[in-house]
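data-v3.csv, holding CSV, C-alpha atoms:
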chain,number,residue,atom,x,y,z
A,204,MET,CA,14.8,-72.0,90.4
A,205,GLN,CA,12.4,-74.8,89.4
A,206,THR,CA,12.8,-77.1,86.4
A,207,VAL,CA,10.6,-76.2,83.5
A,208,THR,CA,9.3,-79.3,81.7
A,209,ALA,CA,8.9,-79.6,77.9
A,210,SER,CA,5.1,-79.6,78.2
A,211,GLU,CA,5.2,-76.4,80.4
A,212,ALA,CA,7.5,-74.7,77.9
A,213,GLN,CA,5.3,-75.8,75.0
A,214,ALA,CA,2.2,-74.5,76.8
A,215,TRP,CA,3.9,-71.1,77.4
A,216,LEU,CA,5.0,-70.8,73.7
A,217,VAL,CA,1.7,-71.9,72.3
A,218,GLU,CA,-0.2,-69.4,74.4
A,219,LYS,CA,2.2,-66.5,73.5
A,220,LEU,CA,2.1,-67.3,69.8
A,221,ALA,CA,-1.7,-67.6,69.8
A,222,VAL,CA,-2.0,-64.2,71.4
A,223,ARG,CA,0.5,-62.6,69.0
A,224,LEU,CA,-1.1,-64.2,66.0
A,225,GLU,CA,-4.6,-63.7,67.3
A,226,VAL,CA,-5.7,-67.3,66.8
A,227,GLU,CA,-6.9,-70.0,69.2
A,228,ALA,CA,-4.1,-72.0,71.0
A,229,SER,CA,-5.5,-75.2,69.3
A,230,GLU,CA,-4.6,-73.7,65.9
A,231,ILE,CA,-0.8,-73.5,66.7
A,232,ASP,CA,1.0,-76.4,65.0
A,233,VAL,CA,3.9,-77.2,67.4
A,234,GLU,CA,5.7,-79.0,64.5
A,235,ARG,CA,5.7,-75.9,62.3
A,236,TYR,CA,8.9,-74.0,61.8
A,237,PHE,CA,9.0,-70.7,63.7
A,238,ASP,CA,9.8,-68.8,60.5
A,239,GLU,CA,6.6,-70.1,58.8
A,240,PHE,CA,4.5,-68.3,61.4
A,241,ASP,CA,3.5,-64.8,60.5
A,242,LEU,CA,6.1,-63.5,63.0
A,243,ASP,CA,8.7,-60.8,62.1
A,244,SER,CA,12.1,-60.6,63.6
A,245,THR,CA,11.0,-57.8,66.0
A,246,GLU,CA,8.2,-60.0,67.4
A,247,ALA,CA,10.6,-63.0,67.5
A,248,LEU,CA,13.1,-61.1,69.6
A,249,ILE,CA,10.5,-59.7,71.9
A,250,LEU,CA,9.1,-63.2,72.4
A,251,ALA,CA,12.6,-64.5,73.1
A,252,GLY,CA,13.1,-61.7,75.8
A,253,GLU,CA,9.8,-62.6,77.4
A,254,LEU,CA,10.6,-66.3,77.3
A,255,GLU,CA,14.0,-65.7,79.0
A,256,LYS,CA,12.4,-63.7,81.7
A,257,TRP,CA,9.9,-66.5,82.4
A,258,LEU,CA,12.7,-69.1,82.4
A,259,GLY,CA,15.1,-67.1,84.5
A,260,PHE,CA,18.0,-67.8,82.1
A,261,GLU,CA,19.2,-66.8,78.6
A,262,LEU,CA,19.0,-69.1,75.7
A,263,GLU,CA,22.0,-69.2,73.3
A,264,ALA,CA,21.5,-67.1,70.1
A,265,THR,CA,21.5,-70.2,67.9
A,266,ALA,CA,18.7,-71.9,69.9
A,267,LEU,CA,16.0,-71.1,67.3
A,268,TRP,CA,18.2,-72.3,64.5
A,269,TYR,CA,18.9,-75.7,65.9
A,270,HIS,CA,15.4,-76.1,67.5
A,271,PRO,CA,13.2,-74.5,65.0
A,272,THR,CA,9.7,-75.6,66.1
A,273,VAL,CA,7.7,-75.2,69.3
A,274,ALA,CA,8.0,-78.9,70.0
A,275,ALA,CA,11.8,-79.0,69.4
A,276,LEU,CA,12.5,-75.8,71.3
A,277,SER,CA,10.4,-77.0,74.3
A,278,GLU,CA,12.5,-80.1,74.5
A,279,HIS,CA,15.6,-78.0,74.4
A,280,ILE,CA,14.3,-75.6,77.1
A,281,ALA,CA,13.6,-78.5,79.4
A,282,GLU,CA,17.1,-79.8,79.0
A,283,GLU,CA,18.6,-76.4,79.5
A,284,SER,CA,16.4,-75.8,82.5
A,285,ALA,CA,17.5,-79.0,84.1
A,286,ASN,CA,21.1,-78.1,83.5
A,287,HIS,CA,20.6,-74.7,85.1
A,288,VAL,CA,18.8,-76.1,88.2
A,289,ALA,CA,21.6,-78.7,88.5
A,290,ALA,CA,24.3,-76.0,88.3
A,291,ALA,CA,22.5,-73.7,90.8
B,100,MET,CA,7.3,-79.4,56.6
B,101,SER,CA,9.1,-77.4,54.0
B,102,PRO,CA,12.9,-77.9,53.7
B,103,ARG,CA,14.8,-75.6,55.9
B,104,PRO,CA,18.2,-74.1,55.0
B,105,ASP,CA,21.2,-75.3,56.9
B,106,PRO,CA,22.1,-72.5,59.3
B,107,SER,CA,25.8,-73.2,58.7
B,108,THR,CA,25.4,-72.5,55.0
B,109,PRO,CA,26.8,-69.0,54.3
B,110,ARG,CA,24.3,-66.6,52.8
B,111,PRO,CA,25.5,-64.7,49.7
B,112,VAL,CA,27.2,-61.3,50.4
B,113,LEU,CA,26.6,-60.1,46.8
B,114,ARG,CA,23.3,-60.4,45.0
B,115,THR,CA,21.6,-58.6,42.2
B,116,LEU,CA,18.5,-56.7,43.1
B,117,ARG,CA,17.9,-55.4,39.6
B,118,ASP,CA,19.3,-57.0,36.5
B,119,ALA,CA,19.2,-54.8,33.4
B,120,GLY,CA,20.5,-57.8,31.3
B,121,GLY,CA,22.4,-57.3,28.2
B,122,GLY,CA,21.2,-53.7,27.9
B,123,THR,CA,22.9,-52.6,31.1
B,124,ALA,CA,24.1,-49.0,30.6
B,125,HIS,CA,24.5,-48.1,34.2
B,126,ARG,CA,25.6,-50.1,37.2
B,127,ILE,CA,25.1,-49.3,40.9
B,128,CYS,CA,26.7,-51.2,43.8
B,129,ALA,CA,25.2,-50.6,47.2
B,130,VAL,CA,26.7,-51.5,50.6
B,131,HIS,CA,24.0,-52.6,53.0
B,132,PRO,CA,24.9,-52.3,56.7
B,133,GLY,CA,22.6,-55.2,57.9
B,134,ALA,CA,20.6,-53.5,60.7
B,135,LEU,CA,17.4,-53.7,58.6
B,136,ALA,CA,16.5,-56.3,56.0
B,137,ALA,CA,18.3,-56.0,52.6
B,138,GLY,CA,14.8,-55.8,51.1
B,139,GLU,CA,14.8,-52.1,52.1
B,140,TRP,CA,16.6,-51.5,48.8
B,141,GLU,CA,13.8,-53.0,46.7
B,142,ALA,CA,11.8,-49.7,46.5
B,143,LEU,CA,14.9,-48.0,45.1
B,144,ALA,CA,15.5,-50.9,42.7
B,145,GLY,CA,11.9,-50.4,41.4
B,146,GLN,CA,12.5,-46.7,40.7
B,147,LEU,CA,15.7,-47.0,38.7
B,148,PRO,CA,15.7,-46.6,34.9
B,149,GLU,CA,15.3,-49.8,32.8
B,150,ASP,CA,19.0,-49.9,31.8
B,151,THR,CA,20.3,-49.6,35.3
B,152,ALA,CA,21.4,-52.6,37.4
B,153,LEU,CA,21.6,-52.6,41.2
B,154,HIS,CA,23.8,-55.0,43.0
B,155,LEU,CA,23.8,-55.3,46.8
B,156,LEU,CA,26.7,-56.1,49.1
B,157,ASP,CA,25.1,-57.2,52.3
B,158,LEU,CA,27.5,-56.8,55.2
B,159,GLY,CA,25.0,-58.7,57.4
B,160,ASN,CA,25.8,-61.9,55.5
B,161,ILE,CA,29.5,-61.8,56.4
B,162,PRO,CA,29.5,-64.3,59.2
B,163,GLU,CA,32.3,-62.7,61.3
B,164,PHE,CA,30.6,-59.3,61.1
B,165,LEU,CA,27.3,-60.8,62.2
B,166,ALA,CA,29.0,-62.6,65.0
B,167,ALA,CA,30.5,-59.4,66.3
B,168,ALA,CA,27.0,-58.0,66.8
B,169,LEU,CA,25.8,-61.0,68.7
B,170,ASP,CA,28.8,-61.2,71.0
B,171,PRO,CA,30.7,-58.1,72.3
B,172,ARG,CA,33.7,-60.3,73.0
B,173,ALA,CA,33.9,-61.5,69.4
B,174,PRO,CA,36.8,-59.9,67.5
B,175,VAL,CA,36.3,-56.7,65.7
B,176,VAL,CA,36.2,-57.0,61.9
B,177,PRO,CA,38.4,-54.2,60.4
B,178,VAL,CA,36.7,-51.8,57.9
B,179,GLU,CA,39.6,-52.7,55.6
B,180,ALA,CA,38.7,-56.4,55.7
B,181,LEU,CA,35.0,-55.7,55.0
B,182,ALA,CA,36.0,-53.6,52.0
B,183,ASP,CA,38.4,-56.3,50.8
B,184,ARG,CA,35.6,-58.8,51.0
B,185,CYS,CA,33.3,-56.6,49.0
B,186,LEU,CA,35.9,-56.0,46.4
B,187,THR,CA,36.6,-59.7,46.1
B,188,GLU,CA,32.9,-60.4,45.6
B,189,LEU,CA,32.6,-57.7,42.9
B,190,ARG,CA,35.7,-59.0,41.2
B,191,ALA,CA,34.5,-62.6,41.3
B,192,ALA,CA,31.3,-61.5,39.6
B,193,GLY,CA,33.1,-59.4,37.0
B,194,LEU,CA,31.4,-56.3,38.3
B,195,ASP,CA,34.5,-54.2,39.0
B,196,SER,CA,35.8,-53.9,35.5
B,197,ALA,CA,33.1,-51.6,34.1
B,198,PRO,CA,32.4,-48.2,35.7
B,199,PHE,CA,29.9,-48.2,38.5
B,200,SER,CA,28.4,-45.9,41.1
B,201,LEU,CA,29.0,-46.9,44.7
B,202,VAL,CA,26.4,-46.1,47.4
B,203,GLY,CA,26.6,-47.0,51.1
B,204,TRP,CA,23.9,-46.7,53.7
B,205,SER,CA,24.8,-45.8,57.3
B,206,PHE,CA,27.9,-47.9,58.3
B,207,GLY,CA,27.8,-49.2,54.8
B,208,GLY,CA,28.9,-45.8,53.7
B,209,VAL,CA,32.1,-46.1,55.7
B,210,VAL,CA,32.9,-49.4,54.0
B,211,ALA,CA,32.0,-47.9,50.6
B,212,TYR,CA,34.5,-45.1,51.4
B,213,GLU,CA,37.2,-47.7,52.1
B,214,ILE,CA,36.3,-49.5,48.8
B,215,ALA,CA,36.8,-46.2,47.0
B,216,THR,CA,40.1,-45.5,48.8
B,217,ARG,CA,41.3,-49.0,47.7
B,218,LEU,CA,40.3,-48.5,44.1
B,219,HIS,CA,42.1,-45.1,44.1
B,220,ALA,CA,45.2,-46.5,45.7
B,221,ALA,CA,45.3,-49.2,43.0
B,222,GLY,CA,45.1,-46.5,40.3
B,223,ARG,CA,41.6,-47.7,39.4
B,224,GLY,CA,39.7,-44.7,40.8
B,225,ALA,CA,38.2,-44.0,37.3
B,226,VAL,CA,36.1,-47.1,37.5
B,227,LEU,CA,34.1,-45.4,40.2
B,228,ARG,CA,31.6,-42.9,38.7
B,229,ASP,CA,30.4,-41.6,42.0
B,230,LEU,CA,30.4,-42.2,45.8
B,231,VAL,CA,27.1,-41.6,47.6
B,232,LEU,CA,26.7,-41.9,51.3
B,233,LEU,CA,23.2,-42.3,52.8
B,234,ASP,CA,23.3,-40.7,56.3
B,235,SER,CA,26.7,-42.3,57.0
B,236,ILE,CA,28.8,-40.8,59.8
B,237,ALA,CA,32.4,-40.1,58.6
B,238,PRO,CA,35.2,-42.2,60.3
B,239,VAL,CA,37.0,-39.1,61.5
B,240,PRO,CA,38.1,-38.4,65.0
B,241,ALA,CA,35.6,-35.7,65.7
B,242,PHE,CA,32.7,-38.1,64.9
B,243,LYS,CA,33.9,-41.4,66.3
B,244,ARG,CA,32.1,-42.4,69.4
B,245,THR,CA,32.8,-45.2,71.9
B,246,ASP,CA,29.7,-46.7,73.5
B,247,GLU,CA,30.4,-44.8,76.7
B,248,LEU,CA,30.4,-41.5,74.9
B,249,LEU,CA,27.1,-41.9,73.2
B,250,ASP,CA,24.4,-39.8,74.8
B,251,ALA,CA,21.8,-42.0,76.4
B,252,SER,CA,18.8,-40.0,75.2
B,253,MET,CA,20.1,-39.8,71.7
B,254,LEU,CA,20.6,-43.6,71.6
B,255,LEU,CA,17.1,-44.2,72.8
B,256,ASP,CA,15.8,-41.7,70.2
B,257,TRP,CA,17.6,-43.8,67.5
B,258,PHE,CA,16.1,-46.9,68.9
B,259,ALA,CA,12.6,-45.4,68.8
B,260,MET,CA,13.3,-44.5,65.1
B,261,TYR,CA,14.5,-48.1,64.4
B,262,LEU,CA,11.4,-49.6,66.2
B,263,GLY,CA,9.2,-47.4,64.1
B,264,ALA,CA,10.9,-48.6,60.9
B,265,LYS,CA,10.7,-52.2,62.0
B,266,ARG,CA,7.0,-51.9,62.8
B,267,ARG,CA,6.3,-49.7,59.7
B,268,ARG,CA,4.7,-47.0,61.8
B,269,PRO,CA,6.3,-43.8,63.1
B,270,LEU,CA,6.8,-43.8,66.9
B,271,THR,CA,6.6,-40.5,68.8
B,272,VAL,CA,8.2,-40.7,72.2
B,273,SER,CA,9.5,-37.9,74.3
B,274,VAL,CA,12.8,-39.0,75.8
B,275,PRO,CA,13.9,-37.3,79.0
B,276,SER,CA,17.5,-36.9,80.0
B,277,LEU,CA,18.7,-40.4,81.0
B,278,ALA,CA,21.6,-41.9,82.8
B,279,ALA,CA,21.4,-45.0,80.6
B,280,PRO,CA,19.3,-45.7,77.5
B,281,GLU,CA,17.7,-48.8,79.2
B,282,ASP,CA,16.2,-46.4,81.8
B,283,GLY,CA,14.0,-45.0,79.1
B,284,LEU,CA,12.7,-48.3,77.7
B,285,PRO,CA,9.5,-48.3,79.9
B,286,GLN,CA,8.5,-45.0,78.2
B,287,VAL,CA,9.3,-46.4,74.7
B,288,LEU,CA,7.2,-49.5,75.6
B,289,ASP,CA,4.2,-47.4,76.8
B,290,ALA,CA,4.4,-45.2,73.6
B,291,ALA,CA,4.8,-48.2,71.3
B,292,VAL,CA,1.8,-50.0,72.8
B,293,THR,CA,-0.4,-46.8,73.0
B,294,GLN,CA,0.5,-45.9,69.4
B,295,GLY,CA,-0.3,-49.5,68.1
B,296,LEU,CA,3.3,-50.5,67.2
B,297,LEU,CA,3.3,-53.3,69.8
B,298,PRO,CA,0.4,-55.4,71.1
B,299,GLN,CA,-1.1,-54.9,74.6
B,300,GLY,CA,0.7,-57.1,77.1
B,301,THR,CA,4.1,-56.8,75.5
B,302,GLU,CA,6.6,-57.1,78.4
B,303,LEU,CA,9.5,-54.9,79.1
B,304,ALA,CA,11.8,-57.9,79.1
B,305,GLY,CA,10.8,-58.4,75.4
B,306,LEU,CA,11.6,-54.9,74.5
B,307,ARG,CA,14.9,-55.1,76.4
B,308,LYS,CA,15.9,-58.1,74.3
B,309,LEU,CA,15.1,-56.1,71.1
B,310,TYR,CA,17.1,-53.1,72.4
B,311,ALA,CA,20.0,-55.4,73.3
B,312,ALA,CA,20.1,-56.7,69.7
B,313,TYR,CA,19.9,-53.1,68.3
B,314,GLN,CA,22.6,-51.9,70.6
B,315,GLY,CA,24.8,-54.9,69.8
B,316,GLY,CA,24.8,-53.9,66.2
B,317,LEU,CA,25.5,-50.3,66.9
B,318,SER,CA,28.3,-51.1,69.3
B,319,ARG,CA,29.8,-53.5,66.8
B,320,ASN,CA,29.9,-50.8,64.1
B,321,ASN,CA,31.5,-48.4,66.6
B,322,ARG,CA,34.2,-51.0,67.5
B,323,CYS,CA,34.9,-51.6,63.8
B,324,THR,CA,35.2,-47.9,63.1
B,325,ALA,CA,37.3,-46.9,66.1
B,326,PRO,CA,40.7,-48.2,64.8
B,327,TYR,CA,40.0,-47.2,61.2
B,328,GLU,CA,42.0,-44.1,60.3
B,329,PRO,CA,41.5,-43.4,56.6
B,330,GLY,CA,43.3,-40.7,54.6
B,331,PRO,CA,41.5,-38.3,52.4
B,332,ILE,CA,40.3,-39.2,48.9
B,333,ASP,CA,40.7,-37.0,45.8
B,334,ARG,CA,37.1,-37.1,44.6
B,335,PRO,CA,33.8,-35.4,45.3
B,336,LEU,CA,31.5,-37.1,47.8
B,337,THR,CA,27.7,-36.9,47.9
B,338,LEU,CA,25.9,-37.1,51.3
B,339,VAL,CA,22.2,-37.8,51.3
B,340,LYS,CA,20.8,-36.6,54.6
B,341,PRO,CA,17.2,-37.4,55.7
B,342,GLU,CA,15.1,-34.9,57.7
B,343,ARG,CA,15.7,-37.1,60.8
B,344,SER,CA,19.3,-37.9,60.3
B,345,LEU,CA,21.2,-39.7,63.1
B,346,LEU,CA,22.9,-36.3,63.7
B,347,PRO,CA,20.6,-33.7,62.2
B,348,ALA,CA,22.6,-30.7,63.5
B,349,SER,CA,26.0,-32.0,62.4
B,350,GLY,CA,26.2,-30.6,58.9
B,351,ASP,CA,28.0,-32.9,56.5
B,352,LEU,CA,28.6,-35.6,59.3
B,353,GLY,CA,32.4,-35.0,59.1
B,354,TRP,CA,32.8,-36.0,55.4
B,355,SER,CA,34.5,-32.7,54.5
B,356,GLY,CA,37.4,-33.9,56.6
B,357,LEU,CA,38.0,-36.7,54.1
B,358,SER,CA,37.8,-34.8,50.8
B,359,ALA,CA,39.3,-31.5,49.6
B,360,HIS,CA,36.3,-31.3,47.2
B,361,PRO,CA,33.1,-29.7,48.6
B,362,VAL,CA,30.7,-32.4,49.9
B,363,ARG,CA,27.5,-32.3,47.9
B,364,GLN,CA,24.7,-32.6,50.4
B,365,VAL,CA,21.2,-33.6,49.4
B,366,GLY,CA,18.3,-33.4,51.8
B,367,VAL,CA,15.4,-35.9,51.6
B,368,PRO,CA,12.3,-36.6,53.8
B,369,GLY,CA,12.1,-39.5,56.2
B,370,ASP,CA,14.5,-40.7,58.9
B,371,HIS,CA,17.7,-42.7,59.0
B,372,TYR,CA,15.9,-46.0,58.9
B,373,THR,CA,13.0,-45.1,56.5
B,374,MET,CA,15.0,-43.1,53.9
B,375,LEU,CA,14.9,-46.0,51.5
B,376,ARG,CA,11.1,-46.4,52.0
B,377,ASP,CA,9.8,-42.8,51.9
B,378,PRO,CA,8.5,-42.4,48.3
B,379,GLU,CA,9.9,-38.9,47.9
B,380,ALA,CA,13.3,-39.8,49.3
B,381,VAL,CA,13.5,-43.0,47.1
B,382,SER,CA,12.6,-41.0,44.0
B,383,ALA,CA,15.3,-38.4,44.9
B,384,ILE,CA,18.0,-41.1,45.6
B,385,ALA,CA,17.1,-43.0,42.5
B,386,GLY,CA,17.4,-39.8,40.4
B,387,LEU,CA,20.7,-39.0,42.0
B,388,LEU,CA,22.2,-42.5,41.5
B,389,ALA,CA,20.8,-42.9,37.9
B,390,GLY,CA,22.0,-39.4,37.1
B,391,SER,CA,25.4,-40.0,38.6
B,392,ALA,CA,25.8,-43.1,36.5
B,393,VAL,CA,25.3,-41.4,33.2
B,394,VAL,CA,28.0,-42.5,30.8
Go ahead and express the file in the form of structure tokens.
Amino acid sequence: MQTVTASEAQAWLVEKLAVRLEVEASEIDVERYFDEFDLDSTEALILAGELEKWLGFELEATALWYHPTVAALSEHIAEESANHVAAA
Amino acid sequence: MSPRPDPSTPRPVLRTLRDAGGGTAHRICAVHPGALAAGEWEALAGQLPEDTALHLLDLGNIPEFLAAALDPRAPVVPVEALADRCLTELRAAGLDSAPFSLVGWSFGGVVAYEIATRLHAAGRGAVLRDLVLLDSIAPVPAFKRTDELLDASMLLDWFAMYLGAKRRRPLTVSVPSLAAPEDGLPQVLDAAVTQGLLPQGTELAGLRKLYAAYQGGLSRNNRCTAPYEPGPIDRPLTLVKPERSLLPASGDLGWSGLSAHPVRQVGVPGDHYTMLRDPEAVSAIAGLLAGSAVV
């Protein structure tokens, strides 16, 4: 398993959100709260499942609460990824 | 950035969806099971007469009940504890002193039944005008199911119904005989993408996550119901059953085992998850609840 950096995680999230919301990637504000995007709970869960598959590990259920923006979640993912690689 | 609520702040279990103000003649208390958003009751609230108030008890906002859906190792919340919590909320708001009708949707009906049982046991059964169950499965031995005993194809069919409700578009999927519900998720994904419920490119891993959340809630409800062994109640019960009930071929869903009175059964269009959205069903349920609450 390779470490995922915060910028890689951010790029993945921005691209997925842009496709889901049918906008350009440049229009995704990484400091905006997830629940302010036009994304319902079904889409959020599906996105979380796809993200976990890409990462190769599960995020805790509270991750989006405590890291509620693309930028914050990306930083958290990078930390978690480093922990997983170190533990492997 | 707009202010964000603190996730550790408890959300209100009881809230008023329709306030009839000083002219309240009829009061309805509804127990919401939490699988879909509490907003599902708004269409019904809009159909009630001017003088009828609707209060919602949202089980999804009871933290330990929510936690039990997210984590299968979390302790089960007894049905009795959920009913106690609802009664405490009603009492604190002064809503249990005047007569009201009680309605519960799905697992919310099981909790509503226990609320009614408690009111009867306390000699306060008269405060309850009516008890209405919306496609709730009775907590009787013949209808209790552990996760292992739930038929895989049936579970997947329920999930397809749920996904259709979440995406506000019916989903038609033919589910073959399966060893495990997860085995049928590729077919559900294909059908959901083809029929426009999910965008092209949605990955199976995403749908698996959604299914896991759905199954977690269902399993939590089954674990809560398993140890619950209520006695019968001496009052009539009304069961509203949609065309696509969870168990369409199972008559009164076991409720005749809990009341010596005949179970009044009312059929409505829609399915288990859309029965509070289908206009005809909403109109029938509103009429039933408003009528039941006539002083």
Given only C-alpha atoms, how would the per-residue table for chain B near chain A read, listing every residue at most 8 Å away with its closest atom pair and distance in Å to one decimal, sorted by chain and number, as a tab-separated table?
residue	atom	partner	partner_atom	distance
B:Met100	CA	A:Arg235	CA	6.9
B:Pro106	CA	A:Trp268	CA	6.5
B:Leu169	CA	A:Ala264	CA	7.6
B:Lys265	CA	A:Thr245	CA	6.9
B:Arg266	CA	A:Thr245	CA	7.8
B:Pro298	CA	A:Arg223	CA	7.5
B:Thr301	CA	A:Ile249	CA	7.9
B:Glu302	CA	A:Glu253	CA	6.4
B:Leu303	CA	A:Glu253	CA	7.9
B:Ala304	CA	A:Gly252	CA	5.2
B:Gly305	CA	A:Ile249	CA	3.7
B:Leu306	CA	A:Ile249	CA	5.6
B:Arg307	CA	A:Gly252	CA	6.9
B:Lys308	CA	A:Gly252	CA	4.8
B:Leu309	CA	A:Leu248	CA	5.6
Computed interatomic separation between atom CA of B:Gly207 and atom CA of B:Leu156 (Å):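 So the answer is 9.0 Å.
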12 Å contact set for B:Thr324, all atoms listed in the file, chain neighbours under 4 positions out, as a ChimeraX atom specification: /B:175-181,206-210,213,235-240,242-246,317-320,328-329
Neighbour list for B:Ser344 as a PyMOL selection string, cut-off 7 Å, all atoms listed in the file, skip fewer than 4 positions in-chain: chain B and resi 234+340+370-371
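Across B:Cys323, B:Leu249, B:Ala142, B:Ala168, the tightest approach to B:Arg117 is made by B:Ala142 when counting all atoms listed in the file.
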Generate the missing atoms of stretch 208-228 of chain A up to N, CA and C atoms and report them as a tab-separated table (two decimals), in the frame of the given file.
chain	number	residue	atom	x	y	z
A	208	THR	N	9.42	-78.10	82.55
A	208	THR	CA	9.30	-79.30	81.70
A	208	THR	C	9.02	-78.90	80.26
A	209	ALA	N	9.18	-79.87	79.37
A	209	ALA	CA	8.90	-79.60	77.90
A	209	ALA	C	7.45	-79.24	77.73
A	210	SER	N	6.56	-79.89	78.45
A	210	SER	CA	5.10	-79.60	78.20
A	210	SER	C	4.78	-78.20	78.77
A	211	GLU	N	5.44	-77.79	79.88
A	211	GLU	CA	5.20	-76.40	80.40
A	211	GLU	C	5.72	-75.39	79.39
A	212	ALA	N	6.91	-75.65	78.87
A	212	ALA	CA	7.50	-74.70	77.90
A	212	ALA	C	6.61	-74.64	76.66
A	213	GLN	N	6.12	-75.79	76.24
A	213	GLN	CA	5.30	-75.80	75.00
A	213	GLN	C	3.98	-75.04	75.27
A	214	ALA	N	3.41	-75.22	76.44
A	214	ALA	CA	2.20	-74.50	76.80
A	214	ALA	C	2.40	-72.99	76.75
A	215	TRP	N	3.54	-72.57	77.31
A	215	TRP	CA	3.90	-71.10	77.40
A	215	TRP	C	4.01	-70.59	75.94
A	216	LEU	N	4.78	-71.30	75.12
A	216	LEU	CA	5.00	-70.80	73.70
A	216	LEU	C	3.75	-70.80	72.92
A	217	VAL	N	2.93	-71.83	73.06
A	217	VAL	CA	1.70	-71.90	72.30
A	217	VAL	C	0.77	-70.74	72.67
A	218	GLU	N	0.67	-70.48	73.98
A	218	GLU	CA	-0.20	-69.40	74.40
A	218	GLU	C	0.27	-68.05	73.89
A	219	LYS	N	1.60	-67.81	74.00
A	219	LYS	CA	2.20	-66.50	73.50
A	219	LYS	C	1.96	-66.36	72.02
A	220	LEU	N	2.23	-67.42	71.29
A	220	LEU	CA	2.10	-67.30	69.80
A	220	LEU	C	0.63	-67.12	69.44
A	221	ALA	N	-0.28	-67.78	70.14
A	221	ALA	CA	-1.70	-67.60	69.80
A	221	ALA	C	-2.14	-66.19	70.04
A	222	VAL	N	-1.67	-65.58	71.14
A	222	VAL	CA	-2.00	-64.20	71.40
A	222	VAL	C	-1.44	-63.27	70.33
A	223	ARG	N	-0.14	-63.47	70.02
A	223	ARG	CA	0.50	-62.60	69.00
A	223	ARG	C	-0.16	-62.74	67.64
A	224	LEU	N	-0.54	-63.97	67.30
A	224	LEU	CA	-1.10	-64.20	66.00
A	224	LEU	C	-2.62	-64.10	65.93
A	225	GLU	N	-3.20	-63.82	67.13
A	225	GLU	CA	-4.60	-63.70	67.30
A	225	GLU	C	-5.42	-64.87	66.72
A	226	VAL	N	-4.98	-66.04	67.16
A	226	VAL	CA	-5.70	-67.30	66.80
A	226	VAL	C	-5.89	-68.09	68.10
A	227	GLU	N	-6.69	-69.14	68.01
A	227	GLU	CA	-6.90	-70.00	69.20
A	227	GLU	C	-5.60	-70.85	69.38
A	228	ALA	N	-5.33	-71.18	70.64
A	228	ALA	CA	-4.10	-72.00	71.00
A	228	ALA	C	-4.15	-73.30	70.20
